[in-house]
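Coordinates as given in model.csv (CSV, C-alpha atoms):
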chain,number,residue,atom,x,y,z
A,467,MET,CA,5.9,-4.1,-7.9
A,468,ASP,CA,7.2,-1.0,-9.7
A,469,GLU,CA,10.7,0.1,-9.2
A,470,SER,CA,9.8,3.0,-6.9
A,471,GLY,CA,8.2,0.5,-4.5
A,472,LEU,CA,11.5,-1.2,-3.8
A,473,PRO,CA,12.8,0.9,-0.9
A,474,ALA,CA,9.6,0.5,1.1
A,475,TRP,CA,9.4,-3.3,0.3
A,476,ALA,CA,13.1,-3.7,1.4
A,477,LEU,CA,12.8,-1.6,4.5
A,478,GLY,CA,9.4,-3.1,5.5
A,479,THR,CA,10.7,-6.7,5.0
A,480,TRP,CA,14.0,-5.9,6.9
A,481,HIS,CA,12.2,-4.4,9.9
A,482,ALA,CA,9.6,-7.3,10.1
A,483,ALA,CA,12.3,-10.0,9.6
A,484,PHE,CA,14.8,-8.4,12.0
A,485,LEU,CA,12.1,-8.0,14.7
A,486,LEU,CA,11.1,-11.7,14.4
A,487,VAL,CA,14.6,-13.1,14.3
A,488,ALA,CA,15.8,-10.9,17.2
A,489,PHE,CA,12.7,-11.9,19.2
A,490,ILE,CA,13.3,-15.6,18.6
A,491,ALA,CA,17.1,-15.3,19.3
A,492,VAL,CA,16.5,-13.6,22.7
A,493,ALA,CA,13.7,-16.1,23.5
A,494,HIS,CA,16.1,-19.0,22.6
A,495,ALA,CA,19.0,-17.5,24.6
A,496,THR,CA,16.7,-17.3,27.6
A,497,GLY,CA,15.3,-20.8,27.1
A,498,SER,CA,11.7,-19.8,26.3
A,499,ALA,CA,11.6,-20.1,22.5
A,500,GLY,CA,10.3,-23.7,22.4
A,501,GLY,CA,7.4,-23.0,24.8
A,502,LEU,CA,6.5,-19.7,23.0
A,503,THR,CA,6.5,-21.2,19.5
A,504,ALA,CA,4.5,-24.2,20.7
A,505,ASP,CA,1.9,-22.0,22.4
A,506,ILE,CA,1.5,-19.8,19.4
A,507,GLY,CA,1.3,-22.6,16.8
A,508,THR,CA,2.5,-22.7,13.2
A,509,LEU,CA,-0.4,-21.2,11.3
A,510,PRO,CA,-1.2,-18.4,13.8
A,511,GLY,CA,2.5,-17.7,13.9
A,512,ILE,CA,2.7,-17.3,10.1
A,513,LEU,CA,-0.4,-15.2,10.0
A,514,ALA,CA,1.0,-13.0,12.8
A,515,PHE,CA,4.2,-12.5,10.9
A,516,ALA,CA,2.3,-11.7,7.7
A,517,TRP,CA,0.3,-9.1,9.7
A,518,LEU,CA,3.6,-7.6,11.0
A,519,TRP,CA,5.2,-7.7,7.5
A,520,ALA,CA,2.2,-5.8,6.0
A,521,ILE,CA,2.3,-3.2,8.8
A,522,SER,CA,6.0,-2.8,8.4
A,523,TRP,CA,5.7,-2.2,4.7
A,524,TRP,CA,2.9,0.3,5.2
A,525,THR,CA,5.0,2.1,7.9
A,526,ALA,CA,8.1,2.2,5.6
A,527,ARG,CA,6.0,3.7,2.8
A,528,GLY,CA,4.8,6.5,5.2
A,529,VAL,CA,8.2,7.1,6.7
A,530,LEU,CA,10.0,7.3,3.3
A,531,ARG,CA,7.8,10.2,2.2
A,532,ALA,CA,9.5,12.2,5.0
A,533,SER,CA,13.1,11.2,4.0
A,534,SER,CA,13.8,14.7,2.6
A,535,TRP,CA,12.6,16.5,5.7
A,536,GLY,CA,14.8,17.9,8.5
A,537,ARG,CA,16.2,15.5,11.2
A,538,ASP,CA,13.8,16.5,14.0
A,539,GLN,CA,10.8,16.2,11.7
A,540,VAL,CA,11.9,12.8,10.5
A,541,VAL,CA,12.3,11.6,14.1
A,542,ALA,CA,8.9,12.8,15.1
A,543,HIS,CA,7.3,11.3,11.9
A,544,VAL,CA,9.0,7.9,12.6
A,545,GLY,CA,7.8,8.0,16.2
A,546,MET,CA,4.2,8.7,15.1
A,547,HIS,CA,4.3,5.9,12.5
A,548,GLY,CA,5.9,3.5,15.0
A,549,ALA,CA,3.2,4.3,17.6
A,550,ALA,CA,0.5,3.7,15.0
A,551,ALA,CA,2.1,0.5,13.8
A,552,GLY,CA,2.4,-0.9,17.4
A,553,ALA,CA,-1.2,-0.1,18.1
A,554,VAL,CA,-2.5,-1.5,14.8
A,555,PHE,CA,-0.4,-4.7,15.2
A,556,VAL,CA,-1.7,-5.4,18.7
A,557,LEU,CA,-5.3,-4.4,17.7
A,558,GLY,CA,-5.3,-6.9,14.8
A,559,LEU,CA,-3.9,-9.7,16.9
A,560,GLY,CA,-6.2,-9.0,19.8
A,561,ILE,CA,-9.3,-8.9,17.6
A,562,ALA,CA,-8.3,-12.1,15.9
A,563,VAL,CA,-7.8,-13.9,19.2
A,564,VAL,CA,-11.1,-12.6,20.6
A,565,LEU,CA,-13.1,-13.5,17.4
A,566,HIS,CA,-11.5,-16.9,17.3
A,567,ALA,CA,-12.5,-17.6,20.9
A,568,ALA,CA,-16.0,-16.3,20.3
A,569,LEU,CA,-16.7,-17.9,16.9
A,570,GLN,CA,-14.6,-21.0,16.6
A,571,GLU,CA,-14.6,-22.1,20.2
A,572,GLY,CA,-18.3,-21.0,20.8
A,573,ASP,CA,-17.5,-18.7,23.7
A,574,PRO,CA,-19.5,-15.4,23.2
A,575,GLU,CA,-18.3,-14.1,26.6
A,576,ALA,CA,-14.8,-13.7,24.9
A,577,LEU,CA,-16.2,-10.6,23.3
A,578,ILE,CA,-15.9,-8.9,26.7
A,579,GLY,CA,-12.2,-8.9,26.0
A,580,LEU,CA,-12.6,-6.3,23.2
A,581,PRO,CA,-12.2,-3.3,25.5
A,582,PHE,CA,-9.1,-4.8,26.9
A,583,VAL,CA,-7.8,-5.2,23.3
A,584,LEU,CA,-8.4,-1.5,22.7
A,585,THR,CA,-6.5,-0.6,25.9
A,586,ALA,CA,-3.6,-2.9,25.0
A,587,ALA,CA,-3.4,-1.4,21.5
A,588,GLY,CA,-3.2,2.1,23.1
A,589,VAL,CA,-0.4,0.9,25.4
A,590,ALA,CA,1.4,-0.8,22.5
A,591,SER,CA,1.8,2.6,20.8
A,592,VAL,CA,4.6,3.5,23.3
A,593,PRO,CA,6.9,0.5,22.6
A,594,GLY,CA,5.9,0.8,19.0
A,595,ALA,CA,7.4,4.3,18.9
A,596,VAL,CA,10.5,3.2,20.8
A,597,VAL,CA,11.1,0.2,18.5
A,598,ALA,CA,10.6,2.5,15.4
A,599,TRP,CA,13.3,4.9,16.8
A,600,ILE,CA,15.7,2.0,17.4
A,601,LEU,CA,15.1,0.7,13.9
A,602,LEU,CA,15.7,4.2,12.5
A,603,GLY,CA,19.0,4.4,14.3
A,604,ILE,CA,20.1,1.0,12.8
A,605,ASP,CA,18.9,2.1,9.3
A,606,VAL,CA,20.9,5.3,9.6
A,607,LEU,CA,24.0,3.3,10.7
A,608,LEU,CA,23.6,0.9,7.7
A,609,ALA,CA,23.2,3.8,5.3
A,610,ARG,CA,26.4,5.5,6.4
A,611,GLY,CA,28.4,6.8,3.4
A,612,ILE,CA,25.5,6.1,0.9
A,613,ASP,CA,23.8,9.1,-0.7
A,614,LEU,CA,20.2,7.7,-1.2
A,615,ARG,CA,19.0,10.9,-2.9
A,616,ARG,CA,20.9,9.8,-6.0
A,617,GLY,CA,18.7,6.7,-6.3
B,1377,MET,CA,-0.9,-37.4,4.7
B,1378,PRO,CA,-2.1,-35.8,7.9
B,1379,VAL,CA,-2.6,-32.0,7.8
B,1380,ALA,CA,0.2,-31.3,10.4
B,1381,MET,CA,2.7,-33.4,8.4
B,1382,ALA,CA,1.6,-31.7,5.1
B,1383,ALA,CA,2.1,-28.3,6.7
B,1384,ALA,CA,5.5,-29.2,8.0
B,1385,PHE,CA,6.5,-30.5,4.6
B,1386,ALA,CA,5.3,-27.3,2.9
B,1387,ILE,CA,7.2,-25.2,5.4
B,1388,HIS,CA,10.4,-27.2,4.8
B,1389,LEU,CA,9.9,-27.0,1.1
B,1390,VAL,CA,9.4,-23.2,1.0
B,1391,HIS,CA,12.4,-22.8,3.4
B,1392,VAL,CA,14.7,-24.7,1.1
B,1393,LEU,CA,13.4,-23.0,-2.1
B,1394,ALA,CA,13.8,-19.6,-0.5
B,1395,MET,CA,17.4,-20.3,0.5
B,1396,ALA,CA,18.0,-21.5,-3.1
B,1397,VAL,CA,16.7,-18.1,-4.4
B,1398,VAL,CA,18.8,-16.2,-1.9
B,1399,VAL,CA,22.1,-18.0,-2.8
B,1400,GLY,CA,21.3,-18.1,-6.5
B,1401,GLY,CA,20.1,-14.5,-6.6
B,1402,ALA,CA,23.1,-13.2,-4.7
B,1403,LEU,CA,25.5,-15.1,-7.0
B,1404,ALA,CA,23.6,-13.7,-10.1
B,1405,GLY,CA,23.9,-10.2,-8.6
B,1406,ALA,CA,27.6,-10.6,-8.0
B,1407,MET,CA,28.1,-11.5,-11.7
B,1408,SER,CA,25.6,-8.9,-13.2
B,1409,HIS,CA,26.0,-5.9,-10.7
B,1410,GLY,CA,22.4,-6.6,-9.6
B,1411,SER,CA,19.2,-4.6,-10.2
B,1412,ARG,CA,16.2,-3.3,-8.2
B,1413,ARG,CA,14.1,-6.2,-9.5
B,1414,LEU,CA,16.6,-8.7,-8.2
B,1415,GLU,CA,16.6,-6.8,-4.8
B,1416,ALA,CA,12.8,-7.1,-4.6
B,1417,THR,CA,13.1,-10.8,-5.3
B,1418,LEU,CA,15.8,-11.3,-2.7
B,1419,TRP,CA,13.8,-9.5,0.0
B,1420,ALA,CA,10.7,-11.7,-0.8
B,1421,ALA,CA,12.9,-14.8,-0.4
B,1422,LEU,CA,14.5,-13.5,2.8
B,1423,GLY,CA,11.0,-12.8,4.3
B,1424,ALA,CA,9.9,-16.3,3.4
B,1425,LEU,CA,13.1,-17.8,4.7
B,1426,VAL,CA,12.7,-16.1,8.1
B,1427,VAL,CA,9.0,-17.0,8.6
B,1428,THR,CA,9.5,-20.6,7.6
B,1429,GLY,CA,12.7,-20.9,9.6
B,1430,VAL,CA,10.7,-19.8,12.7
B,1431,GLY,CA,8.1,-22.4,11.7
B,1432,ASN,CA,10.7,-25.0,11.7
B,1433,VAL,CA,11.9,-24.0,15.2
B,1434,GLY,CA,8.3,-24.1,16.3
B,1435,ALA,CA,8.0,-27.8,15.2
B,1436,TYR,CA,10.4,-28.7,18.0
B,1437,GLY,CA,8.0,-27.2,20.6
B,1438,THR,CA,9.0,-27.5,24.2
B,1439,GLY,CA,11.6,-30.2,23.1
B,1440,LEU,CA,13.8,-27.4,21.6
B,1441,PRO,CA,17.3,-28.0,23.0
B,1442,GLY,CA,18.7,-25.0,25.0
B,1443,THR,CA,21.8,-23.0,24.2
B,1444,GLY,CA,23.7,-25.1,26.8
B,1445,THR,CA,23.7,-27.9,24.2
B,1446,ARG,CA,25.8,-28.0,21.0
B,1447,TRP,CA,22.6,-28.1,18.9
B,1448,GLY,CA,21.1,-25.1,20.7
B,1449,ALA,CA,24.3,-23.1,20.5
B,1450,LEU,CA,24.5,-23.7,16.8
B,1451,LEU,CA,20.9,-22.6,16.4
B,1452,LEU,CA,21.7,-19.3,18.2
B,1453,ALA,CA,24.7,-18.9,15.9
B,1454,LYS,CA,22.5,-19.5,12.9
B,1455,LEU,CA,20.0,-16.8,14.1
B,1456,LEU,CA,22.8,-14.3,14.6
B,1457,PHE,CA,24.1,-15.1,11.0
B,1458,VAL,CA,20.5,-14.5,9.8
B,1459,VAL,CA,20.5,-11.0,11.5
B,1460,ALA,CA,23.8,-10.3,9.8
B,1461,VAL,CA,22.7,-11.3,6.3
B,1462,LEU,CA,19.5,-9.2,6.8
B,1463,ALA,CA,21.4,-6.1,7.9
B,1464,LEU,CA,24.0,-6.6,5.1
B,1465,SER,CA,21.1,-7.0,2.6
B,1466,LEU,CA,19.6,-3.6,3.6
B,1467,ARG,CA,23.0,-1.9,3.0
B,1468,ARG,CA,23.4,-3.8,-0.3
B,1469,SER,CA,19.9,-2.7,-1.4
B,1470,MET,CA,20.7,0.9,-0.5
B,1471,LEU,CA,23.9,0.7,-2.7
B,1472,VAL,CA,21.7,-0.5,-5.6
B,1473,TRP,CA,19.2,2.4,-5.0
B,1474,ALA,CA,22.0,4.9,-5.0
B,1475,GLY,CA,23.4,3.4,-8.3
B,1476,ARG,CA,26.6,2.3,-6.7
B,1477,PRO,CA,28.4,-1.1,-7.2
B,1478,ALA,CA,27.2,-3.8,-4.8
B,1479,VAL,CA,29.3,-6.8,-6.0
B,1480,VAL,CA,31.0,-7.2,-2.6
B,1481,GLY,CA,27.5,-7.1,-1.0
B,1482,TYR,CA,26.1,-9.8,-3.2
B,1483,GLY,CA,29.2,-11.9,-2.7
B,1484,THR,CA,29.1,-11.6,1.0
B,1485,THR,CA,25.3,-12.3,1.0
B,1486,ALA,CA,26.0,-15.5,-0.9
B,1487,ALA,CA,28.8,-16.6,1.4
B,1488,LEU,CA,26.7,-15.9,4.6
B,1489,ALA,CA,23.7,-17.7,3.1
B,1490,VAL,CA,25.9,-20.8,2.4
B,1491,ILE,CA,27.2,-20.7,6.0
B,1492,ILE,CA,23.5,-20.4,7.2
B,1493,ALA,CA,22.5,-23.3,5.0
B,1494,SER,CA,25.4,-25.4,6.2
B,1495,ILE,CA,24.4,-24.9,9.8
B,1496,GLY,CA,20.8,-25.6,8.9
B,1497,VAL,CA,21.8,-29.0,7.3
B,1498,TRP,CA,23.8,-29.8,10.4
B,1499,LEU,CA,20.9,-29.0,12.6
B,1500,ALA,CA,18.5,-31.1,10.6
B,1501,HIS,CA,20.8,-34.1,10.7
B,1502,GLY,CA,22.9,-33.5,13.8
I need this file expressed as structure tokens, please.
Amino acid sequence: MDESGLPAWALGTWHAAFLLVAFIAVAHATGSAGGLTADIGTLPGILAFAWLWAISWWTARGVLRASSWGRDQVVAHVGMHGAAAGAVFVLGLGIAVVLHAALQEGDPEALIGLPFVLTAAGVASVPGAVVAWILLGIDVLLARGIDLRRG
Amino acid sequence: MPVAMAAAFAIHLVHVLAMAVVVGGALAGAMSHGSRRLEATLWAALGALVVTGVGNVGAYGTGLPGTGTRWGALLLAKLLFVVAVLALSLRRSMLVWAGRPAVVGYGTTAALAVIIASIGVWLAHG
């Protein structure tokens, strides 16, 4: 990785890792972490995180291009990237689940689920944008007092 | 060795190695004022640490003790320390990007990582 890629790598990893740990912490606090992780399984869980990590990295690269824009433009840009990230994340997971059921488990009727996956991906764009705005708020708080334009 | 046991071993191994990179890298950063390359390495290790940590939690399945038990409460504390070290790491990275000293950030990262590792050892043997 070249040195200019570090901000996107750090931001993307931070967002993916924070989302996963916060999700597990809330699930553990409410007593559902054991059942959730057992249902998902180790390998699918690792693949899902790798997918989230890749999307977070891609999103961070896109968002950082707007870092010199005005505040309102940045907020709109982050919302759009968050919505796209939420949709792409759910779309990838959904297609993987449907294809696994159709190909590995020999259930071609599972392909009927593809339209539902598309619908779910569209719906996921809303929480995707909201999560992106929350993460933007946290990032701004963590950057207080640091002039990143000097880097 | 059965596949499941080999997978669990590999996850444990990567988890321990990633923690070694985080502690060693943070200590090296504290002594050398850090660099962008070191930051990139630390983030790779933190990502690996998180995903293998969740893999370790998943190994308990439905037998995972709840937060009402001492073990479960310590696991929750560990997760909160992980959130703290992640957030602190982003601020430390930002300081490095801006060309400002991050010695305190590296030192705090190493200290938090040692606390997290200590809780992890207790959880594995407690």
ask   = Please, which residues of chain A lie no more than 9 Å from chain B when the count uses only C-alpha atoms, and can they be set out as JSON, numbers by chain?
value = {"A": [467, 468, 469, 471, 472, 473, 475, 476, 477, 479, 480, 482, 483, 484, 486, 487, 488, 490, 491, 492, 494, 495, 496, 497, 498, 499, 500, 501, 502, 503, 504, 505, 506, 507, 508, 509, 511, 512, 515, 516, 519, 604, 605, 608, 609, 610, 612, 613, 614, 615, 616, 617]}
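Rounded to one decimal, atom CA of A:Pro593 and atom CA of A:Gly579 lie 21.6 Å from each other.
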Close residues, B:Val1480 itself excluded, 9 Å, only C-alpha atoms, min 3 positions apart in chain, as a short mmCIF file (atom, residue, chain, number, x, y, z; two decimals) with C-alpha atoms, keeping the file's coordinate frame:
data_model
loop_
_atom_site.label_atom_id
_atom_site.label_comp_id
_atom_site.auth_asym_id
_atom_site.auth_seq_id
_atom_site.Cartn_x
_atom_site.Cartn_y
_atom_site.Cartn_z
CA ALA B 1406 27.60 -10.60 -8.00
CA ARG B 1468 23.40 -3.80 -0.30
CA PRO B 1477 28.40 -1.10 -7.20
CA GLY B 1483 29.20 -11.90 -2.70
CA THR B 1484 29.10 -11.60 1.00
CA THR B 1485 25.30 -12.30 1.00
#
query = Neighbours of A:Leu580 within 9 Å (all atoms listed in the file; same-chain residues fewer than 5 positions away dropped), as a PyMOL selection string?
reply = chain A and resi 560-561+564+585
Residue among B:Val1390, B:Phe1385, B:Val1397, B:Arg1446 lying closest to B:Val1490, counting all atoms listed in the file =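 Closest candidate: B:Val1397.
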Coordinates-based distance that separates atom CA of A:Phe582 from atom CA of A:His566 (Å, one decimal) =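 The value is 15.6 Å.
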query = Between atom CA of A:Leu577 and atom CA of B:Val1379, what is the spacing in Å?
reply =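 Those two atoms sit 29.7 Å apart.
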message = Nearest residue to A:Arg537 out of A:Leu607, A:Leu602, A:Val563, A:Ala568, using all atoms listed in the file?
response =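 Of the candidates, the smallest distance to A:Arg537 is held by A:Leu602.
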